[in-house]
$ cat input20.pdb   # PDB, C-alpha atoms
MODEL        1
ATOM      1  CA  MET A  18     -20.888  15.197 -14.754
ATOM      2  CA  SER A  19     -23.446  12.391 -14.945
ATOM      3  CA  PRO A  20     -25.459  11.242 -11.895
ATOM      4  CA  GLN A  21     -23.292   8.105 -11.784
ATOM      5  CA  ASP A  22     -20.131  10.214 -11.827
ATOM      6  CA  GLN A  23     -21.544  12.417  -9.079
ATOM      7  CA  TYR A  24     -22.308   9.353  -6.971
ATOM      8  CA  VAL A  25     -18.776   7.927  -7.237
ATOM      9  CA  ASP A  26     -17.297  11.373  -6.635
ATOM     10  CA  ALA A  27     -19.375  11.772  -3.467
ATOM     11  CA  ILE A  28     -18.321   8.362  -2.140
ATOM     12  CA  VAL A  29     -14.636   9.148  -2.617
ATOM     13  CA  ARG A  30     -15.040  12.517  -0.930
ATOM     14  CA  GLN A  31     -16.838  10.903   2.020
ATOM     15  CA  ARG A  32     -13.912   8.487   2.487
ATOM     16  CA  ALA A  33     -11.265  11.187   2.615
ATOM     17  CA  PRO A  34      -8.555  10.217   5.132
ATOM     18  CA  ALA A  35      -8.370  12.011   8.438
ATOM     19  CA  THR A  36      -5.889  14.838   8.788
ATOM     20  CA  ILE A  37      -2.758  13.529  10.452
ATOM     21  CA  GLN A  38      -1.511  15.461  13.446
ATOM     22  CA  VAL A  39       2.255  15.288  13.828
ATOM     23  CA  GLY A  40       1.892  15.025  17.586
ATOM     24  CA  ALA A  41      -0.045  11.761  17.243
ATOM     25  CA  LEU A  42       3.059  10.134  15.768
ATOM     26  CA  ALA A  43       5.629  11.597  18.160
ATOM     27  CA  GLY A  44       5.770   8.731  20.649
ATOM     28  CA  LEU A  45       5.906   6.018  17.990
ATOM     29  CA  VAL A  46       8.553   7.847  15.968
ATOM     30  CA  SER A  47      10.644   8.303  19.108
ATOM     31  CA  ALA A  48      10.394   4.576  19.874
ATOM     32  CA  VAL A  49      11.517   3.688  16.354
ATOM     33  CA  GLN A  50      14.404   6.149  16.533
ATOM     34  CA  GLN A  51      15.621   4.609  19.774
ATOM     35  CA  TRP A  52      15.339   1.107  18.299
ATOM     36  CA  ALA A  53      17.291   2.047  15.159
ATOM     37  CA  ASN A  54      19.875   4.005  17.154
ATOM     38  CA  GLN A  55      22.897   5.105  15.088
ATOM     39  CA  TYR A  56      21.766   3.093  12.066
ATOM     40  CA  LEU A  57      18.785   5.327  11.302
ATOM     41  CA  LEU A  58      18.994   7.401   8.119
ATOM     42  CA  GLU A  59      15.455   8.783   8.087
ATOM     43  CA  ILE A  60      11.802   8.066   8.735
ATOM     44  CA  LYS A  61       9.615   9.395   5.941
ATOM     45  CA  PRO A  62       6.072   9.067   4.591
ATOM     46  CA  SER A  63       5.623   6.483   1.870
ATOM     47  CA  GLY A  64       2.752   4.489   0.425
ATOM     48  CA  SER A  65      -0.754   5.830  -0.160
ATOM     49  CA  TYR A  66      -0.381   8.969   1.955
ATOM     50  CA  ALA A  67       2.625  10.138  -0.037
ATOM     51  CA  LYS A  68       1.016   9.156  -3.345
ATOM     52  CA  GLY A  69      -2.274  10.954  -2.699
ATOM     53  CA  THR A  70      -4.311   7.720  -2.839
ATOM     54  CA  ALA A  71      -5.121   7.272   0.854
ATOM     55  CA  VAL A  72      -8.717   6.557   1.882
ATOM     56  CA  ALA A  73     -10.399   6.136   5.247
ATOM     57  CA  GLY A  74     -10.403   2.523   6.346
ATOM     58  CA  SER A  75      -6.827   1.797   5.299
ATOM     59  CA  ALA A  76      -3.618   2.666   7.100
ATOM     60  CA  ASP A  77      -3.633   6.406   7.741
ATOM     61  CA  ILE A  78       0.051   6.692   6.932
ATOM     62  CA  ASP A  79       2.937   4.453   5.855
ATOM     63  CA  LEU A  80       6.380   5.305   7.182
ATOM     64  CA  LEU A  81       9.588   4.010   5.641
ATOM     65  CA  VAL A  82      12.228   3.399   8.298
ATOM     66  CA  SER A  83      15.448   3.760   6.306
ATOM     67  CA  LEU A  84      18.482   2.114   7.909
ATOM     68  CA  ARG A  85      22.163   2.280   7.037
ATOM     69  CA  THR A  86      23.650  -0.573   5.039
ATOM     70  CA  ASP A  87      26.036  -1.537   7.824
ATOM     71  CA  VAL A  88      23.149  -2.415  10.134
ATOM     72  CA  LEU A  89      23.327  -5.882   8.569
ATOM     73  CA  SER A  90      26.910  -6.382   9.704
ATOM     74  CA  GLY A  91      26.147  -6.076  13.412
ATOM     75  CA  ASN A  92      24.087  -8.194  15.769
ATOM     76  CA  THR A  93      21.048  -8.198  13.483
ATOM     77  CA  PRO A  94      22.414  -9.952  10.383
ATOM     78  CA  THR A  95      19.219 -10.459   8.376
ATOM     79  CA  LEU A  96      16.256  -8.409   7.232
ATOM     80  CA  SER A  97      13.976 -10.921   8.925
ATOM     81  CA  THR A  98      15.720 -10.330  12.254
ATOM     82  CA  LEU A  99      15.396  -6.567  11.841
ATOM     83  CA  TYR A 100      11.718  -6.806  10.996
ATOM     84  CA  HIS A 101      10.875  -8.965  14.004
ATOM     85  CA  SER A 102      13.215  -7.006  16.268
ATOM     86  CA  LEU A 103      11.296  -3.798  15.558
ATOM     87  CA  ASN A 104       7.985  -5.526  16.185
ATOM     88  CA  ASN A 105       9.226  -7.031  19.451
ATOM     89  CA  ARG A 106      10.463  -3.647  20.652
ATOM     90  CA  LEU A 107       7.114  -2.007  19.927
ATOM     91  CA  VAL A 108       5.166  -4.801  21.633
ATOM     92  CA  SER A 109       7.419  -4.536  24.686
ATOM     93  CA  LEU A 110       6.560  -0.836  24.868
ATOM     94  CA  GLY A 111       2.843  -1.609  24.892
ATOM     95  CA  TYR A 112       1.988  -0.920  21.258
ATOM     96  CA  SER A 113      -0.630  -3.033  19.506
ATOM     97  CA  THR A 114       0.900  -4.380  16.291
ATOM     98  CA  ARG A 115      -0.019  -6.652  13.407
ATOM     99  CA  LEU A 116       2.522  -8.245  11.094
ATOM    100  CA  GLN A 117       1.789  -7.709   7.399
ATOM    101  CA  ASN A 118       3.790  -8.712   4.340
ATOM    102  CA  VAL A 119       6.472  -6.014   4.375
ATOM    103  CA  SER A 120       5.123  -3.669   7.025
ATOM    104  CA  ILE A 121       4.248  -3.684  10.714
ATOM    105  CA  SER A 122       0.859  -2.158  11.401
ATOM    106  CA  VAL A 123       0.640  -0.151  14.617
ATOM    107  CA  ILE A 124      -2.722   0.920  16.023
ATOM    108  CA  LEU A 125      -2.595   4.229  17.893
ATOM    109  CA  PRO A 126      -5.598   5.864  19.615
ATOM    110  CA  ASP A 127      -6.439   8.125  16.674
ATOM    111  CA  ILE A 128      -4.355   6.792  13.807
ATOM    112  CA  LYS A 129      -3.127   3.588  12.174
ATOM    113  CA  VAL A 130       0.476   3.504  11.001
ATOM    114  CA  ASP A 131       2.258   0.995   8.786
ATOM    115  CA  LEU A 132       5.998   0.873   9.440
ATOM    116  CA  VAL A 133       8.300  -0.520   6.745
ATOM    117  CA  PRO A 134      11.805  -1.250   8.063
ATOM    118  CA  ALA A 135      14.211  -1.096   5.131
ATOM    119  CA  VAL A 136      17.955  -1.177   4.581
ATOM    120  CA  LYS A 137      19.388   1.276   2.071
ATOM    121  CA  GLN A 138      21.436  -0.387  -0.628
ATOM    122  CA  PRO A 139      24.963   0.873  -1.381
ATOM    123  CA  GLY A 140      25.379   3.612  -3.974
ATOM    124  CA  ASN A 141      23.844   6.954  -4.818
ATOM    125  CA  THR A 142      20.272   5.736  -5.170
ATOM    126  CA  ASN A 143      17.242   5.426  -2.911
ATOM    127  CA  ASP A 144      17.017   1.674  -3.486
ATOM    128  CA  HIS A 145      16.194  -0.274  -0.336
ATOM    129  CA  SER A 146      15.962  -3.916   0.695
ATOM    130  CA  VAL A 147      12.780  -4.915   2.536
ATOM    131  CA  PHE A 148      11.707  -8.159   4.184
ATOM    132  CA  LYS A 149       8.821 -10.115   2.632
ATOM    133  CA  ARG A 150       7.265 -12.020   5.512
ATOM    134  CA  LYS A 151       4.947 -14.257   3.471
ATOM    135  CA  ALA A 152       7.802 -15.530   1.314
ATOM    136  CA  ASN A 153      10.396 -15.325   4.112
ATOM    137  CA  SER A 154      12.716 -13.557   1.677
ATOM    138  CA  TRP A 155      13.692 -10.037   0.710
ATOM    139  CA  ARG A 156      13.296  -7.728  -2.247
ATOM    140  CA  LYS A 157      14.945  -4.616  -3.609
ATOM    141  CA  THR A 158      12.602  -1.722  -4.246
ATOM    142  CA  ASN A 159      12.422   2.067  -4.356
ATOM    143  CA  VAL A 160       9.468   3.817  -2.738
ATOM    144  CA  ASP A 161      10.336   7.126  -4.407
ATOM    145  CA  THR A 162       9.859   5.466  -7.808
ATOM    146  CA  HIS A 163       6.493   4.089  -6.657
ATOM    147  CA  ILE A 164       5.363   7.461  -5.330
ATOM    148  CA  ASN A 165       6.288   9.332  -8.510
ATOM    149  CA  LEU A 166       4.656   6.742 -10.770
ATOM    150  CA  VAL A 167       1.292   6.846  -9.000
ATOM    151  CA  LYS A 168       1.241  10.504  -7.969
ATOM    152  CA  ASN A 169       1.889  11.676 -11.530
ATOM    153  CA  SER A 170      -0.385   9.149 -13.243
ATOM    154  CA  GLY A 171      -3.556  11.256 -13.245
ATOM    155  CA  ARG A 172      -5.359   8.239 -11.742
ATOM    156  CA  THR A 173      -5.316   8.991  -8.040
ATOM    157  CA  PHE A 174      -9.099   9.498  -7.907
ATOM    158  CA  ASP A 175      -9.759   6.202  -9.721
ATOM    159  CA  ILE A 176      -7.358   4.410  -7.387
ATOM    160  CA  LYS A 177      -9.099   5.802  -4.320
ATOM    161  CA  ALA A 178     -12.481   4.634  -5.623
ATOM    162  CA  ILE A 179     -11.301   1.052  -6.166
ATOM    163  CA  LYS A 180      -9.540   1.012  -2.788
ATOM    164  CA  ILE A 181     -12.837   1.882  -1.144
ATOM    165  CA  TRP A 182     -14.420  -1.049  -2.995
ATOM    166  CA  ARG A 183     -11.576  -3.328  -1.857
ATOM    167  CA  ASN A 184     -12.044  -2.299   1.776
ATOM    168  CA  LEU A 185     -15.810  -2.786   1.639
ATOM    169  CA  HIS A 186     -15.295  -6.394   0.600
ATOM    170  CA  ALA A 187     -12.235  -7.043   2.810
ATOM    171  CA  LEU A 188     -10.184  -8.184  -0.168
ATOM    172  CA  ASP A 189      -6.583  -9.165   0.475
ATOM    173  CA  ILE A 190      -4.526  -7.208  -2.037
ATOM    174  CA  SER A 191      -1.854  -4.651  -1.219
ATOM    175  CA  SER A 192      -2.431  -1.038  -2.161
ATOM    176  CA  PHE A 193       0.579  -1.008  -4.472
ATOM    177  CA  TYR A 194      -0.531  -4.135  -6.331
ATOM    178  CA  LEU A 195      -4.005  -2.647  -6.701
ATOM    179  CA  GLU A 196      -2.570   0.673  -7.888
ATOM    180  CA  LEU A 197      -0.594  -1.092 -10.622
ATOM    181  CA  ALA A 198      -3.742  -2.962 -11.680
ATOM    182  CA  VAL A 199      -5.749   0.268 -11.938
ATOM    183  CA  LEU A 200      -3.033   1.928 -14.029
ATOM    184  CA  LYS A 201      -3.035  -1.049 -16.393
ATOM    185  CA  ALA A 202      -6.833  -1.257 -16.573
ATOM    186  CA  LEU A 203      -7.200   2.441 -17.403
ATOM    187  CA  SER A 204      -4.276   2.823 -19.772
ATOM    188  CA  GLY A 205      -5.494   5.002 -22.643
ATOM    189  CA  LYS A 206      -8.873   5.618 -21.004
ATOM    190  CA  SER A 207     -10.486   8.970 -20.220
ATOM    191  CA  LEU A 208      -9.428  10.948 -17.179
ATOM    192  CA  VAL A 209     -12.829  12.576 -16.671
ATOM    193  CA  ASN A 210     -15.404   9.770 -16.290
ATOM    194  CA  PRO A 211     -15.214   8.410 -12.723
ATOM    195  CA  ALA A 212     -18.115   5.957 -12.987
ATOM    196  CA  LEU A 213     -17.098   4.569 -16.365
ATOM    197  CA  ASN A 214     -13.494   4.230 -15.219
ATOM    198  CA  PHE A 215     -14.624   2.391 -12.106
ATOM    199  CA  MET A 216     -16.508  -0.103 -14.266
ATOM    200  CA  HIS A 217     -13.480  -0.494 -16.550
ATOM    201  CA  VAL A 218     -11.403  -1.450 -13.511
ATOM    202  CA  LEU A 219     -13.993  -3.971 -12.292
ATOM    203  CA  ASP A 220     -14.106  -5.511 -15.775
ATOM    204  CA  TYR A 221     -10.324  -5.807 -15.792
ATOM    205  CA  LEU A 222     -10.132  -7.261 -12.288
ATOM    206  CA  GLY A 223     -12.786  -9.794 -13.213
ATOM    207  CA  SER A 224     -10.963 -11.010 -16.301
ATOM    208  CA  SER A 225      -7.417 -10.177 -17.415
ATOM    209  CA  PHE A 226      -6.074  -9.433 -13.934
ATOM    210  CA  VAL A 227      -5.876 -13.053 -12.787
ATOM    211  CA  ASN A 228      -3.257 -14.127 -15.341
ATOM    212  CA  ARG A 229      -1.427 -10.819 -15.630
ATOM    213  CA  ASN A 230       2.088 -10.448 -14.227
ATOM    214  CA  PHE A 231       2.858  -7.136 -12.546
ATOM    215  CA  LEU A 232       6.470  -6.108 -12.165
ATOM    216  CA  ASP A 233       7.821  -3.679  -9.624
ATOM    217  CA  PRO A 234       8.712  -0.560 -11.678
ATOM    218  CA  ALA A 235      11.717  -0.091  -9.386
ATOM    219  CA  ASN A 236      12.953  -3.678  -9.800
ATOM    220  CA  ALA A 237      11.982  -5.809 -12.792
ATOM    221  CA  SER A 238      13.012  -8.991 -10.975
ATOM    222  CA  ASN A 239      10.385  -8.398  -8.297
ATOM    223  CA  LEU A 240       7.070  -9.883  -9.380
ATOM    224  CA  VAL A 241       4.452  -7.949  -7.401
ATOM    225  CA  SER A 242       1.697 -10.281  -8.574
ATOM    226  CA  ASP A 243       3.345 -13.112  -6.624
ATOM    227  CA  GLU A 244       1.985 -11.474  -3.470
ATOM    228  CA  LEU A 245      -1.291 -13.320  -4.038
ATOM    229  CA  THR A 246      -1.904 -16.992  -4.699
ATOM    230  CA  ALA A 247      -3.952 -18.083  -7.701
ATOM    231  CA  ALA A 248      -6.877 -18.777  -5.361
ATOM    232  CA  GLU A 249      -6.648 -15.298  -3.809
ATOM    233  CA  LYS A 250      -6.630 -13.695  -7.270
ATOM    234  CA  GLN A 251      -9.690 -15.710  -8.222
ATOM    235  CA  THR A 252     -11.486 -14.539  -5.064
ATOM    236  CA  LEU A 253     -10.855 -10.928  -6.032
ATOM    237  CA  ALA A 254     -11.887 -11.581  -9.632
ATOM    238  CA  ARG A 255     -15.166 -13.212  -8.562
ATOM    239  CA  GLN A 256     -16.026 -10.270  -6.336
ATOM    240  CA  ALA A 257     -15.233  -7.803  -9.136
ATOM    241  CA  SER A 258     -17.519  -9.713 -11.503
ATOM    242  CA  ALA A 259     -20.258  -9.953  -8.889
ATOM    243  CA  SER A 260     -20.065  -6.209  -8.212
ATOM    244  CA  ARG A 261     -20.115  -5.480 -11.930
ATOM    245  CA  ARG A 262     -23.409  -7.369 -12.289
ATOM    246  CA  GLN A 263     -25.212  -5.378  -9.608
ATOM    247  CA  PRO A 264     -28.055  -3.250 -11.020
ATOM    248  CA  HIS A 265     -27.643  -0.285  -8.663
ATOM    249  CA  TRP A 266     -24.592   1.761  -7.732
ATOM    250  CA  GLY A 267     -25.508   1.538  -4.061
ATOM    251  CA  GLN A 268     -24.839  -2.221  -4.294
ATOM    252  CA  ILE A 269     -21.451  -1.742  -5.959
ATOM    253  CA  ILE A 270     -19.778   0.936  -3.860
ATOM    254  CA  TRP A 271     -21.219   2.732  -0.864
TER     255      TRP A 271
ENDMDL
END

$ encode --input "input20.pdb" --output "structure tokens"
Amino acid sequence: MSPQDQYVDAIVRQRAPATIQVGALAGLVSAVQQWANQYLLEIKPSGSYAKGTAVAGSADIDLLVSLRTDVLSGNTPTLSTLYHSLNNRLVSLGYSTRLQNVSISVILPDIKVDLVPAVKQPGNTNDHSVFKRKANSWRKTNVDTHINLVKNSGRTFDIKAIKIWRNLHALDISSFYLELAVLKALSGKSLVNPALNFMHVLDYLGSSFVNRNFLDPANASNLVSDELTAAEKQTLARQASASRRQPHWGQIIW
């Protein structure tokens, strides 16, 4: 392993996520269960934690709150109403929350949790409908498909490295969107050169990424790349190019 590879490897190891204690989630999970009542199917890990791409500085764990289909036939007839109803319940209980695109971020004393309220679609699949706050619409997706795609890609280390870079520069791109970009950037590339792979990703983000469409692998009609405006993509691309030009690794990722 080259000195550059050793440096990137050390950075990723230093940003390993904290171990999650089940007890730290007990109160929040209980509150969500009471809110969902008889409509709750399950609450399960999703996102970066389940995929093996979590890093310190992002949400410690994402939890999918899976609700029965008939929840939409009661007094909460839309996904938007469900989303805001959950947030209002948590706020009323004293939780500190922040509304994100499809999740509700909850800050606990020792852990940050992103809750994704979702309604299971009819049939023998794990397809769910989730609310997209920025677009004030909904989308069909499947977190199990996302987890399997990323977890089995062989790129979890490379994804963690670029997530650390994203966090350092406070760039507004979802983890899933970024994961898809890394998989595209490193398609056909080596699995054993962390530093070189990191540079390949920066090159891609600084060039082809801006005009590339990324589809949800669980729903081809869901354009993940629509999460960012053209201006937001350009901001990310400029930072990637600026980082790529830095002469020392300590100025690129630290």

$ closest_residue --input "input20.pdb" --among "A:Asn184, A:Ala76, A:Asp243, A:Gly91" --to "A:Arg115" --atoms "all atoms listed in the file"
A:Ala76

$ axis_aligned_box --input "input20.pdb" --around "stretch 131-147 of chain A" --padding-each-side "5 Å" --output "lines of an AutoDock Vina configuration file"
center_x = 13.8
center_y = 1.0
center_z = 2.1
size_x = 33.1
size_y = 21.9
size_z = 24.6

$ atom_distance --input "input20.pdb" --atom1 "atom CA of A:Trp155" --atom2 "atom CA of A:Asp87"
16.6 Å

$ closest_residue --input "input20.pdb" --among "A:Leu42, A:Ile164, A:Ala212, A:Leu200" --to "A:Asp131" --atoms "all atoms listed in the file"
A:Leu42

$ residues_around --input "input20.pdb" --residues "A:Ala254" --least-positions-apart "6" --cutoff "7 Å" --atoms "all atoms listed in the file" --output "list in words"
Leu222, Gly223, Ser224 and Val227 of chain A

$ write_last_selection --input "input20.pdb" --atoms "C-alpha atoms" --output "PDB file, in the frame of the given file"
ATOM      1  CA  LEU A 222     -10.132  -7.261 -12.288  1.00  0.00           C
ATOM      2  CA  GLY A 223     -12.786  -9.794 -13.213  1.00  0.00           C
ATOM      3  CA  SER A 224     -10.963 -11.010 -16.301  1.00  0.00           C
ATOM      4  CA  VAL A 227      -5.876 -13.053 -12.787  1.00  0.00           C
TER       5      VAL A 227
END
